[in-house]
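Chemist: Below is the file final-v6.txt, with compact mmCIF, C-alpha atoms.
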```txt
# COMPACT_ATOMS: atom_id res chain seq x y z
CA MET A 1 51.37 66.77 78.94
CA SER A 2 55.03 67.60 79.24
CA SER A 3 57.27 64.72 80.21
CA PHE A 4 58.59 66.96 82.99
CA ALA A 5 55.18 67.55 84.54
CA ARG A 6 54.27 65.36 87.46
CA PRO A 7 50.64 64.63 88.32
CA ALA A 8 49.67 65.92 91.75
CA ALA A 9 48.59 62.48 92.95
CA HIS A 10 51.96 60.99 92.03
CA ALA A 11 53.80 63.87 93.68
CA ALA A 12 51.92 63.24 96.88
CA ARG A 13 53.29 59.69 97.02
CA ARG A 14 56.93 60.89 96.97
CA ALA A 15 59.09 60.11 99.95
CA PRO A 16 59.42 63.02 102.35
CA ARG A 17 62.44 65.25 101.72
CA ARG A 18 65.42 64.37 103.82
CA ALA A 19 66.39 66.90 106.48
CA GLN A 20 69.33 69.04 105.40
CA PRO A 21 72.52 68.59 107.43
CA ASP A 22 73.42 71.37 109.84
CA ASN A 23 76.44 72.98 108.25
CA THR A 24 76.90 75.67 110.88
CA ILE A 25 79.93 73.84 112.26
CA PHE A 26 81.68 74.41 108.95
CA ARG A 27 81.16 78.17 109.02
CA ASN A 28 83.63 80.51 110.67
CA THR A 29 81.39 82.79 112.70
CA THR A 30 84.27 84.66 114.34
CA PRO A 31 84.91 88.02 112.68
CA PRO A 32 88.33 88.01 111.00
CA PRO A 33 91.06 90.30 112.37
CA HIS A 34 91.63 93.53 110.43
CA LEU A 35 94.33 96.20 110.47
CA LEU A 36 92.72 99.57 109.75
CA THR A 37 94.94 101.67 112.03
CA LEU A 38 97.64 100.98 114.59
CA ALA A 39 95.35 102.65 117.13
CA ASP A 40 93.50 99.32 117.16
CA LEU A 41 96.64 97.42 118.23
CA SER A 42 98.21 97.37 121.67
CA PRO A 43 101.86 98.41 122.10
CA ALA A 44 102.65 94.73 122.72
CA GLN A 45 101.09 93.76 119.37
CA ILE A 46 103.06 96.48 117.58
CA LYS A 47 106.22 95.20 119.28
CA THR A 48 105.49 91.67 118.05
CA LEU A 49 105.01 92.86 114.46
CA ILE A 50 108.36 94.68 114.54
CA GLN A 51 110.12 91.66 116.03
CA ASN A 52 108.63 89.42 113.32
CA ALA A 53 109.63 91.90 110.61
CA LEU A 54 113.20 92.04 111.92
CA ALA A 55 113.40 88.24 111.97
CA MET A 56 112.07 87.92 108.40
CA LYS A 57 114.49 90.57 107.17
CA TYR A 58 117.43 88.84 108.84
CA VAL A 59 116.48 85.38 107.58
CA SER A 60 115.98 86.63 104.01
CA LYS A 61 119.21 88.62 103.87
CA HIS A 62 121.60 86.53 105.97
CA ARG A 63 120.30 82.98 105.58
CA SER A 64 118.03 82.39 102.59
CA PRO A 65 114.60 83.61 101.45
CA LYS A 66 113.75 79.91 101.15
CA ALA A 67 114.16 79.61 104.93
CA LEU A 68 111.05 81.75 105.52
CA ILE A 69 108.05 79.78 106.76
CA PRO A 70 105.54 79.66 103.84
CA THR A 71 102.57 80.74 105.95
CA LEU A 72 100.62 81.84 102.85
CA ASP A 73 101.19 78.61 100.93
CA LYS A 74 98.33 78.05 98.46
CA ARG A 75 96.63 81.24 99.63
CA THR A 76 95.65 84.26 97.57
CA ILE A 77 95.79 87.86 98.73
CA ALA A 78 93.72 90.34 96.74
CA MET A 79 95.34 93.75 96.43
CA ILE A 80 92.53 96.21 95.77
CA PHE A 81 94.25 99.49 94.88
CA SER A 82 92.06 102.39 93.81
CA LYS A 83 95.10 104.70 94.08
CA ARG A 84 98.45 104.34 92.34
CA SER A 85 101.36 103.06 94.37
CA THR A 86 105.06 102.22 94.15
CA ARG A 87 106.40 101.12 97.55
CA THR A 88 103.17 99.64 98.91
CA ARG A 89 102.49 97.61 95.78
CA VAL A 90 106.04 96.28 95.40
CA ALA A 91 106.32 95.55 99.11
CA SER A 92 102.96 93.76 99.20
CA GLU A 93 103.41 91.63 96.10
CA THR A 94 106.94 90.52 97.02
CA SER A 95 105.88 89.80 100.60
CA VAL A 96 103.00 87.54 99.60
CA GLN A 97 105.24 85.73 97.12
CA ALA A 98 108.01 85.29 99.72
CA LEU A 99 105.53 83.64 102.09
CA GLY A 100 104.40 81.20 99.40
CA GLY A 101 101.16 82.92 98.45
CA HIS A 102 99.72 84.44 95.30
CA PRO A 103 99.24 88.23 95.11
CA MET A 104 96.28 89.23 92.91
CA PHE A 105 96.48 92.90 91.94
CA LEU A 106 93.12 94.55 91.29
CA GLY A 107 93.64 98.16 90.22
CA LYS A 108 91.05 100.83 89.51
CA ASP A 109 90.88 99.68 85.88
CA ASP A 110 90.34 96.03 86.87
CA ILE A 111 87.39 96.46 89.21
CA GLN A 112 85.17 99.44 89.88
CA LEU A 113 85.22 99.63 93.65
CA GLY A 114 82.02 101.26 94.84
CA VAL A 115 81.04 102.35 91.30
CA ASN A 116 79.12 99.61 89.45
CA GLU A 117 79.11 97.42 92.55
CA THR A 118 78.72 98.45 96.14
CA LEU A 119 81.58 98.18 98.60
CA GLU A 120 79.54 95.65 100.56
CA ASP A 121 79.04 93.43 97.52
CA THR A 122 82.70 93.68 96.55
CA ALA A 123 83.77 92.71 100.06
CA ARG A 124 81.45 89.71 100.11
CA VAL A 125 82.28 88.48 96.60
CA VAL A 126 86.05 89.02 96.54
CA GLY A 127 86.32 87.93 100.16
CA SER A 128 84.63 84.62 99.32
CA MET A 129 87.36 83.77 96.80
CA VAL A 130 90.58 84.93 98.48
CA ASP A 131 92.25 84.57 101.86
CA GLY A 132 92.93 88.23 102.61
CA ILE A 133 92.59 91.71 101.13
CA MET A 134 95.09 94.57 101.05
CA ALA A 135 93.05 97.70 100.29
CA ARG A 136 94.41 101.08 99.17
CA VAL A 137 91.41 103.37 99.01
CA GLY A 138 90.24 106.98 99.07
CA GLY A 139 87.96 107.69 102.01
CA HIS A 140 88.51 105.79 105.24
CA HIS A 141 84.84 104.80 105.19
CA GLU A 142 85.66 102.60 102.20
CA VAL A 143 88.12 100.39 104.06
CA GLU A 144 85.79 100.37 107.09
CA THR A 145 82.95 99.09 104.88
CA LEU A 146 85.18 96.43 103.34
CA ALA A 147 86.17 95.28 106.83
CA LYS A 148 82.55 95.25 108.01
CA TYR A 149 81.41 92.84 105.31
CA SER A 150 84.54 90.90 104.35
CA PRO A 151 84.78 87.28 105.53
CA VAL A 152 88.59 87.51 105.37
CA PRO A 153 91.11 89.91 106.98
CA ILE A 154 91.49 93.43 105.57
CA ILE A 155 94.72 95.43 105.81
CA ASN A 156 94.53 99.16 105.21
CA ALA A 157 97.21 99.94 102.61
CA LEU A 158 96.27 103.65 102.78
CA SER A 159 93.16 105.70 103.33
CA ASP A 160 92.66 109.43 103.65
CA LEU A 161 92.67 109.05 107.45
CA TYR A 162 95.34 106.47 108.29
CA HIS A 163 98.37 104.62 106.88
CA PRO A 164 99.33 101.91 109.40
CA THR A 165 101.85 99.93 107.36
CA GLN A 166 103.89 103.08 106.69
CA ILE A 167 104.25 103.86 110.39
CA LEU A 168 105.30 100.29 111.16
CA ALA A 169 108.15 100.80 108.68
CA ASP A 170 109.04 104.11 110.36
CA ILE A 171 109.16 102.47 113.80
CA MET A 172 111.31 99.63 112.48
CA ALA A 173 113.76 102.04 110.80
CA LEU A 174 114.14 104.07 113.98
CA HIS A 175 114.64 100.97 116.10
CA GLU A 176 117.33 99.67 113.72
CA HIS A 177 119.10 103.02 113.88
CA TYR A 178 119.11 103.34 117.66
CA ALA A 179 119.59 99.63 118.39
CA PRO A 180 121.28 97.86 115.44
CA THR A 181 120.00 94.34 114.92
CA PRO A 182 122.14 91.81 116.82
CA THR A 183 123.60 88.82 115.00
CA PRO A 184 121.94 85.61 116.21
CA PRO A 185 124.31 82.84 117.27
CA GLU A 186 124.83 80.06 114.75
CA LYS A 187 122.81 77.67 116.88
CA ALA A 188 119.80 79.88 116.21
CA ALA A 189 119.72 78.42 112.71
CA GLU A 190 119.47 74.87 114.02
CA GLY A 191 116.78 72.74 115.57
CA GLU A 192 113.29 74.06 114.94
CA GLY A 193 114.19 75.75 111.67
CA THR A 194 115.96 78.95 110.82
CA HIS A 195 112.94 81.26 110.77
CA THR A 196 111.39 79.99 114.00
CA SER A 197 114.65 79.91 115.98
CA ILE A 198 115.75 83.37 114.83
CA LEU A 199 112.33 84.78 115.65
CA LYS A 200 112.56 83.36 119.16
CA TYR A 201 116.03 84.90 119.49
CA PHE A 202 114.77 88.33 118.47
CA GLN A 203 111.75 88.03 120.78
CA SER A 204 114.11 87.45 123.69
CA THR A 205 116.70 90.12 122.82
CA VAL A 206 115.01 92.90 120.82
CA ASP A 207 112.59 95.41 122.34
CA PRO A 208 111.65 98.31 120.04
CA LEU A 209 109.40 99.82 122.72
CA LYS A 210 112.32 100.10 125.11
CA THR A 211 114.55 101.46 122.34
CA LEU A 212 112.19 104.28 121.37
CA LYS A 213 110.66 105.23 124.72
CA GLY A 214 111.33 108.89 125.51
CA LYS A 215 112.32 109.86 121.96
CA LYS A 216 110.72 112.93 120.43
CA VAL A 217 109.41 112.98 116.86
CA ALA A 218 108.65 116.34 115.23
CA TRP A 219 106.38 116.58 112.21
CA VAL A 220 106.78 119.71 110.07
CA GLY A 221 104.32 119.91 107.19
CA ASP A 222 100.75 119.16 106.20
CA SER A 223 98.47 117.42 108.69
CA ASN A 224 97.48 114.24 106.86
CA ASN A 225 97.02 110.48 107.12
CA ILE A 226 100.69 109.92 107.98
CA SER A 227 100.73 112.45 110.80
CA ASN A 228 97.37 111.04 111.97
CA GLU A 229 98.84 107.56 112.26
CA LEU A 230 101.92 108.87 114.08
CA LEU A 231 99.65 110.82 116.42
CA VAL A 232 97.60 107.78 117.48
CA THR A 233 100.64 105.48 117.72
CA LEU A 234 103.88 107.05 118.95
CA PRO A 235 102.61 108.54 122.23
CA ARG A 236 101.22 105.12 123.21
CA LEU A 237 104.77 103.81 122.82
CA GLY A 238 106.03 106.39 125.30
CA MET A 239 107.30 108.82 122.66
CA GLU A 240 106.66 112.57 122.37
CA PHE A 241 105.08 113.87 119.19
CA SER A 242 104.93 117.48 118.03
CA LEU A 243 103.21 118.71 114.89
CA ALA A 244 103.75 122.04 113.12
CA ALA A 245 101.47 122.97 110.23
CA PRO A 246 100.38 126.31 108.75
CA LYS A 247 97.04 127.75 109.82
CA GLY A 248 94.33 126.28 107.66
CA TYR A 249 96.29 123.03 107.26
CA ASP A 250 96.64 122.18 110.93
CA LYS A 251 93.27 120.67 111.75
CA VAL A 252 93.43 117.26 113.37
CA ASP A 253 90.46 115.13 112.38
CA GLU A 254 88.10 114.71 115.33
CA ARG A 255 88.11 110.93 114.83
CA VAL A 256 91.89 110.95 115.26
CA TRP A 257 91.88 113.22 118.30
CA ALA A 258 89.22 111.01 119.87
CA ARG A 259 91.71 108.12 119.74
CA VAL A 260 94.35 110.31 121.38
CA THR A 261 92.05 111.26 124.26
CA GLU A 262 90.83 107.68 124.54
CA ALA A 263 94.45 106.59 125.04
CA GLY A 264 95.09 109.44 127.48
CA THR A 265 98.25 110.56 125.66
CA GLN A 266 97.45 114.26 125.15
CA SER A 267 100.31 115.30 127.45
CA LEU A 268 102.82 113.79 125.01
CA VAL A 269 101.43 115.76 122.05
CA LYS A 270 102.18 119.35 121.01
CA LEU A 271 100.34 121.11 118.16
CA THR A 272 101.68 124.39 116.79
CA ASN A 273 101.85 126.62 113.71
CA THR A 274 105.54 127.34 114.24
CA PRO A 275 108.13 124.81 113.01
CA SER A 276 110.80 125.97 115.46
CA GLU A 277 108.49 125.22 118.41
CA ALA A 278 107.88 121.67 117.18
CA LEU A 279 111.58 121.04 116.53
CA VAL A 280 112.91 121.89 120.01
CA ASN A 281 114.73 118.81 121.42
CA ALA A 282 113.53 116.65 118.51
CA ASP A 283 115.32 113.33 117.98
CA VAL A 284 113.55 112.68 114.68
CA VAL A 285 112.21 115.10 112.07
CA VAL A 286 109.50 113.97 109.66
CA THR A 287 107.74 115.58 106.74
CA ASP A 288 105.67 114.46 103.78
CA THR A 289 104.25 115.82 100.57
CA TRP A 290 102.43 119.13 100.82
CA ILE A 291 100.25 118.16 97.86
CA SER A 292 98.63 114.75 98.22
CA MET A 293 96.87 112.80 95.48
CA GLY A 294 93.69 114.63 94.58
CA GLN A 295 94.98 118.02 95.74
CA GLU A 296 96.86 118.94 92.57
CA GLN A 297 94.47 121.82 91.82
CA GLU A 298 95.55 123.43 95.13
CA LYS A 299 99.27 123.41 94.28
CA VAL A 300 99.86 127.16 93.96
CA GLU A 301 97.90 127.95 97.11
CA ARG A 302 99.61 125.20 99.11
CA LEU A 303 103.14 126.12 98.04
CA LYS A 304 102.51 129.65 99.26
CA ALA A 305 101.03 128.46 102.57
CA PHE A 306 104.01 126.20 103.29
CA GLU A 307 106.73 128.79 102.67
CA GLY A 308 109.29 128.44 105.44
CA TYR A 309 108.49 124.77 106.03
CA GLN A 310 111.27 123.22 103.93
CA ILE A 311 113.45 120.99 106.12
CA THR A 312 117.10 122.10 106.09
CA ASN A 313 119.98 121.46 108.46
CA LYS A 314 120.03 125.12 109.43
CA MET A 315 116.31 125.23 110.16
CA VAL A 316 116.42 122.18 112.42
CA ASN A 317 119.69 123.01 114.18
CA ASP A 318 118.69 126.64 114.81
CA ALA A 319 115.44 125.41 116.37
CA GLY A 320 117.36 123.43 118.99
CA ALA A 321 116.84 119.83 117.88
CA GLU A 322 119.07 117.15 119.36
CA GLU A 323 122.58 117.16 117.91
CA ASP A 324 122.19 113.69 116.39
CA TRP A 325 118.65 114.18 114.97
CA ARG A 326 117.53 111.96 112.12
CA PHE A 327 115.13 112.45 109.20
CA LEU A 328 112.21 110.41 107.81
CA HIS A 329 110.02 110.85 104.74
CA CYS A 330 107.52 108.29 103.41
CA LEU A 331 108.20 109.22 99.74
CA PRO A 332 107.78 110.30 97.03
CA ARG A 333 109.67 113.47 97.91
CA LYS A 334 109.75 116.89 96.30
CA GLN A 335 112.60 119.32 96.89
CA GLU A 336 110.42 122.08 98.32
CA GLU A 337 109.67 119.77 101.27
CA VAL A 338 113.28 118.94 102.19
CA ASP A 339 116.56 119.96 100.55
CA ASP A 340 119.12 117.52 99.11
CA GLU A 341 121.59 118.09 101.94
CA VAL A 342 119.17 116.55 104.44
CA PHE A 343 117.41 114.08 102.16
CA TYR A 344 120.60 112.46 100.83
CA GLY A 345 122.75 113.28 103.85
CA PRO A 346 123.92 111.17 106.80
CA ARG A 347 120.91 112.14 108.92
CA SER A 348 118.45 110.60 106.47
CA LEU A 349 116.86 107.20 107.12
CA VAL A 350 114.44 107.43 104.18
CA PHE A 351 115.79 104.50 102.18
CA PRO A 352 115.96 101.99 105.07
CA GLU A 353 112.49 103.29 105.96
CA ALA A 354 111.27 102.57 102.43
CA GLU A 355 112.78 99.08 102.36
CA ASN A 356 111.15 98.27 105.67
CA ARG A 357 107.75 98.65 104.03
CA LYS A 358 108.37 95.13 102.71
CA TRP A 359 109.35 93.51 106.00
CA THR A 360 106.62 95.12 108.08
CA ILE A 361 103.94 94.33 105.50
CA MET A 362 105.27 90.77 105.40
CA ALA A 363 104.86 90.59 109.18
CA CYS A 364 101.26 91.82 108.85
CA PHE A 365 100.46 89.18 106.22
CA GLU A 366 102.11 86.47 108.29
```
Write out the structure in this file as structure tokens.
Modeler:
Amino acid sequence: MSSFARPAAHAARRAPRRAQPDNTIFRNTTPPPHLLTLADLSPAQIKTLIQNALAMKYVSKHRSPKALIPTLDKRTIAMIFSKRSTRTRVASETSVQALGGHPMFLGKDDIQLGVNETLEDTARVVGSMVDGIMARVGGHHEVETLAKYSPVPIINALSDLYHPTQILADIMALHEHYAPTPTPPEKAAEGEGTHTSILKYFQSTVDPLKTLKGKKVAWVGDSNNISNELLVTLPRLGMEFSLAAPKGYDKVDERVWARVTEAGTQSLVKLTNTPSEALVNADVVVTDTWISMGQEQEKVERLKAFEGYQITNKMVNDAGAEEDWRFLHCLPRKQEEVDDEVFYGPRSLVFPEAENRKWTIMACFE
């Protein structure tokens, strides 16, 4: 008889098993907050994110990066990127580091998202080991599945439907242009701590919703995840939004339009196939790539379809845009989309817009 075998009679004399403790009080049963699209946030929440981003930018640049509150101290943020990235990756990694956390980059060659392991399993496993996930994916269903099963917050770093962190940067850049950031009094760096006191100062003096209300943004180019995010966000902030795209490239996803009708903002939206119609009275002109990742095989066809859509000073001025109109582009840019005179000229806000990816993403992490 094996020394590990126990006779039945002896087993019967064992003391009854102790009841297991109820560990439910140690489990967080509240679903974590996610950011999949700005359509899920109220205007007041968007305002708060911009105020926080402005405060972090000011503290880092005019006081010291060390004065930032290390809200991610000893926390790890997984960055699951199945698509290549420049601005989003740099902004995310430096933001986590600045807040005292550890960014863990997981590219398509590090893990096989939804290939050898299901999205559900990845969300459960990775989410059990980190404190948050920044996910840059293909289909929007991927980030929705991650959010459904993840025990930690998910931020959408880009999907084929939405790009929330990009539009936060756009809003911040426009606010800074129309209402330059005020300099906090010296006493704002005393007392509670630089970061906290400056944030309170900005919360009491800065209102991006008031700054941008009534402005008109005109999109001239392909209807895509950027225009989708603008469409579900800007009108809710009291801004007008017009979109011009060639026939065949002008379809607004029904999921996106459902959010527009749900918000009741259709009256602030204009859809057209004629750039000049979209540009009338525009305060801001926006475009993006005509050939997104995965559409390279359509290049010849797309370039032909978008003839006449290149942003130039003459095009915009002749259409009757506001005299002091400004230009945005999420990058990377190709010259057929916008000429050098506009892109590198005084109307362009593209580089402040790009930098603000860092501060707005930092506000989301915080």
Chemist: What's around Ser348 in chain A at 9 Å? Count only C-alpha atoms, leave out sequence neighbours fewer than 2 positions away in its own chain, and write the answer as a list in words.
Modeler: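 In the requested form, the answer reads Arg326, Phe327, Leu328, His329, Val342, Phe343, Tyr344, Gly345, Pro346, Val350 and Phe351 of chain A.
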Chemist: Nearest residue to Glu176 in chain A out of A:Gly139, A:Pro352, A:Pro332, A:Gly248, using all atoms listed in the file?
Modeler: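 The closest residue to Glu176 in chain A is A:Pro352.
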Chemist: So what do you get for CA of Lys270 in chain A versus CA of Val338 in chain A, distance-wise?
Modeler: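 Result for CA of Lys270 in chain A versus CA of Val338 in chain A: 21.9 Å, one decimal.
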Chemist: Please indicate the distance in Å from CA of His34 in chain A to CA of Leu161 in chain A, rounded to one decimal place.
Modeler: 15.8 Å
Chemist: Can you list every residue of range 132-219 of chain A that has an atom at most 12 Å from range 107-111 of chain A, with its nearest atom pair and the distance in Å to one decimal, using all atoms listed in the file, ordered by chain then number, as CSV?
Modeler:
```
residue,atom,partner,partner_atom,distance
A:Met134,CA,A:Gly107,CA,11.5
A:Ala135,CA,A:Gly107,CA,10.1
A:Arg136,CA,A:Gly107,CA,9.4
A:Val137,CA,A:Lys108,CA,9.8
A:Gly138,CA,A:Lys108,CA,11.4
```
Chemist: Could you save the residues just selected, with C-alpha atoms, as a short mmCIF file (atom, residue, chain, number, x, y, z; two decimals), keeping the file's coordinate frame?
Modeler:
```cif
data_model
loop_
_atom_site.label_atom_id
_atom_site.label_comp_id
_atom_site.auth_asym_id
_atom_site.auth_seq_id
_atom_site.Cartn_x
_atom_site.Cartn_y
_atom_site.Cartn_z
CA MET A 134 95.09 94.57 101.05
CA ALA A 135 93.05 97.70 100.29
CA ARG A 136 94.41 101.08 99.17
CA VAL A 137 91.41 103.37 99.01
CA GLY A 138 90.24 106.98 99.07
#
```
Chemist: Could you produce a table of the residues of range 163-231 of chain A lying within 8 Å of range 285-289 of chain A, with the nearest pair of atoms per residue and their separation in Å rounded to one decimal, using all atoms listed in the file, ordered by chain and increasing residue number, as CSV?
Modeler:
```
residue,atom,partner,partner_atom,distance
A:Val217,CA,A:Val285,CA,5.9
A:Ala218,CA,A:Val285,CA,4.9
A:Trp219,CA,A:Val286,CA,4.8
A:Val220,CA,A:Thr287,CA,5.4
A:Gly221,CA,A:Thr287,CA,5.5
A:Asp222,CA,A:Asp288,CA,7.2
A:Ile226,CA,A:Asp288,CA,7.9
```
Chemist: What is the CA of Asp283 in chain A to CA of Asn228 in chain A distance in Å?
Modeler: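 Distance between the two atoms: 19.1 Å.
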Chemist: Near range 94-98 of chain A, counting all atoms listed in the file, which residues have an atom at most 12 Å away, once you skip same-chain residues fewer than 2 positions from it, shown as a VMD selection string?
Modeler: chain A and resid 53 56 to 57 59 to 60 64 to 79 87 to 92 100 to 105 131 to 134 355 to 366
Chemist: Just the residues within 10 Å of range 147-150 of chain A, please, counting all atoms listed in the file, with nothing from its chain fewer than 4 positions along; format it as a PyMOL selection string.
Modeler: chain A and resi 31-36+119-128+132-133+135+141-143+154-156
Chemist: Could the residues in this selection be written to a file with C-alpha atoms, as a PDB file, in the coordinates of the input?
Modeler:
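What landed in out-v3.pdb:
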```pdb
ATOM      1  CA  PRO A  31      84.910  88.020 112.680  1.00  0.00           C
ATOM      2  CA  PRO A  32      88.330  88.010 111.000  1.00  0.00           C
ATOM      3  CA  PRO A  33      91.060  90.300 112.370  1.00  0.00           C
ATOM      4  CA  HIS A  34      91.630  93.530 110.430  1.00  0.00           C
ATOM      5  CA  LEU A  35      94.330  96.200 110.470  1.00  0.00           C
ATOM      6  CA  LEU A  36      92.720  99.570 109.750  1.00  0.00           C
ATOM      7  CA  LEU A 119      81.580  98.180  98.600  1.00  0.00           C
ATOM      8  CA  GLU A 120      79.540  95.650 100.560  1.00  0.00           C
ATOM      9  CA  ASP A 121      79.040  93.430  97.520  1.00  0.00           C
ATOM     10  CA  THR A 122      82.700  93.680  96.550  1.00  0.00           C
ATOM     11  CA  ALA A 123      83.770  92.710 100.060  1.00  0.00           C
ATOM     12  CA  ARG A 124      81.450  89.710 100.110  1.00  0.00           C
ATOM     13  CA  VAL A 125      82.280  88.480  96.600  1.00  0.00           C
ATOM     14  CA  VAL A 126      86.050  89.020  96.540  1.00  0.00           C
ATOM     15  CA  GLY A 127      86.320  87.930 100.160  1.00  0.00           C
ATOM     16  CA  SER A 128      84.630  84.620  99.320  1.00  0.00           C
ATOM     17  CA  GLY A 132      92.930  88.230 102.610  1.00  0.00           C
ATOM     18  CA  ILE A 133      92.590  91.710 101.130  1.00  0.00           C
ATOM     19  CA  ALA A 135      93.050  97.700 100.290  1.00  0.00           C
ATOM     20  CA  HIS A 141      84.840 104.800 105.190  1.00  0.00           C
ATOM     21  CA  GLU A 142      85.660 102.600 102.200  1.00  0.00           C
ATOM     22  CA  VAL A 143      88.120 100.390 104.060  1.00  0.00           C
ATOM     23  CA  ILE A 154      91.490  93.430 105.570  1.00  0.00           C
ATOM     24  CA  ILE A 155      94.720  95.430 105.810  1.00  0.00           C
ATOM     25  CA  ASN A 156      94.530  99.160 105.210  1.00  0.00           C
TER      26      ASN A 156
END
```
Chemist: If you count only C-alpha atoms, which residues fall within 8 Å of Lys215 in chain A, apart from same-chain ones fewer than 6 positions away, as a list in words?
Modeler: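 Counting only C-alpha atoms, the residues come to Gly238, Met239, Glu240, Ala282, Asp283 and Val284 of chain A.
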Chemist: Find the axis-aligned box for range 114-121 of chain A, covering all its listed atoms and adding 3 Å on each side, and write its centre and edge lengths in Å to one decimal as JSON.
Modeler:
```
{"center_x": 80.4, "center_y": 97.9, "center_z": 95.0, "size_x": 9.3, "size_y": 14.9, "size_z": 17.1}
```
Chemist: Which residues, written as a VMD selection string, have at least one atom at most 12 Å from Thr261 in chain A, with all atoms listed in the file counted and residues fewer than 6 positions away on the same chain left out?
Modeler: chain A and resid 39 231 to 232 235 to 236 254 to 255 267 to 269
Chemist: Keeping only C-alpha atoms, write the selected residues as a CSV table (one decimal), in the frame of the given file.
Modeler:
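Everything below was put into again_6.csv:
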```csv
chain,number,residue,atom,x,y,z
A,39,ALA,CA,95.4,102.6,117.1
A,231,LEU,CA,99.6,110.8,116.4
A,232,VAL,CA,97.6,107.8,117.5
A,235,PRO,CA,102.6,108.5,122.2
A,236,ARG,CA,101.2,105.1,123.2
A,254,GLU,CA,88.1,114.7,115.3
A,255,ARG,CA,88.1,110.9,114.8
A,267,SER,CA,100.3,115.3,127.4
A,268,LEU,CA,102.8,113.8,125.0
A,269,VAL,CA,101.4,115.8,122.0
```
Chemist: Need the neighbours of (91.5, 122.2, 106.1): which residues are at most 12 Å away, counting all atoms listed in the file, as a PyMOL selection string?
Modeler: chain A and resi 222-224+245-253+295+298+302+305
Chemist: Go ahead and write the residues just picked, C-alpha atoms, as an mmCIF file, in the frame of the given file.
Modeler:
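File again-v5.cif, as written:
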```cif
data_model
loop_
_atom_site.group_PDB
_atom_site.id
_atom_site.type_symbol
_atom_site.label_atom_id
_atom_site.label_comp_id
_atom_site.auth_asym_id
_atom_site.auth_seq_id
_atom_site.Cartn_x
_atom_site.Cartn_y
_atom_site.Cartn_z
ATOM 1 C CA ASP A 222 100.750 119.160 106.200
ATOM 2 C CA SER A 223 98.470 117.420 108.690
ATOM 3 C CA ASN A 224 97.480 114.240 106.860
ATOM 4 C CA ALA A 245 101.470 122.970 110.230
ATOM 5 C CA PRO A 246 100.380 126.310 108.750
ATOM 6 C CA LYS A 247 97.040 127.750 109.820
ATOM 7 C CA GLY A 248 94.330 126.280 107.660
ATOM 8 C CA TYR A 249 96.290 123.030 107.260
ATOM 9 C CA ASP A 250 96.640 122.180 110.930
ATOM 10 C CA LYS A 251 93.270 120.670 111.750
ATOM 11 C CA VAL A 252 93.430 117.260 113.370
ATOM 12 C CA ASP A 253 90.460 115.130 112.380
ATOM 13 C CA GLN A 295 94.980 118.020 95.740
ATOM 14 C CA GLU A 298 95.550 123.430 95.130
ATOM 15 C CA ARG A 302 99.610 125.200 99.110
ATOM 16 C CA ALA A 305 101.030 128.460 102.570
#
```
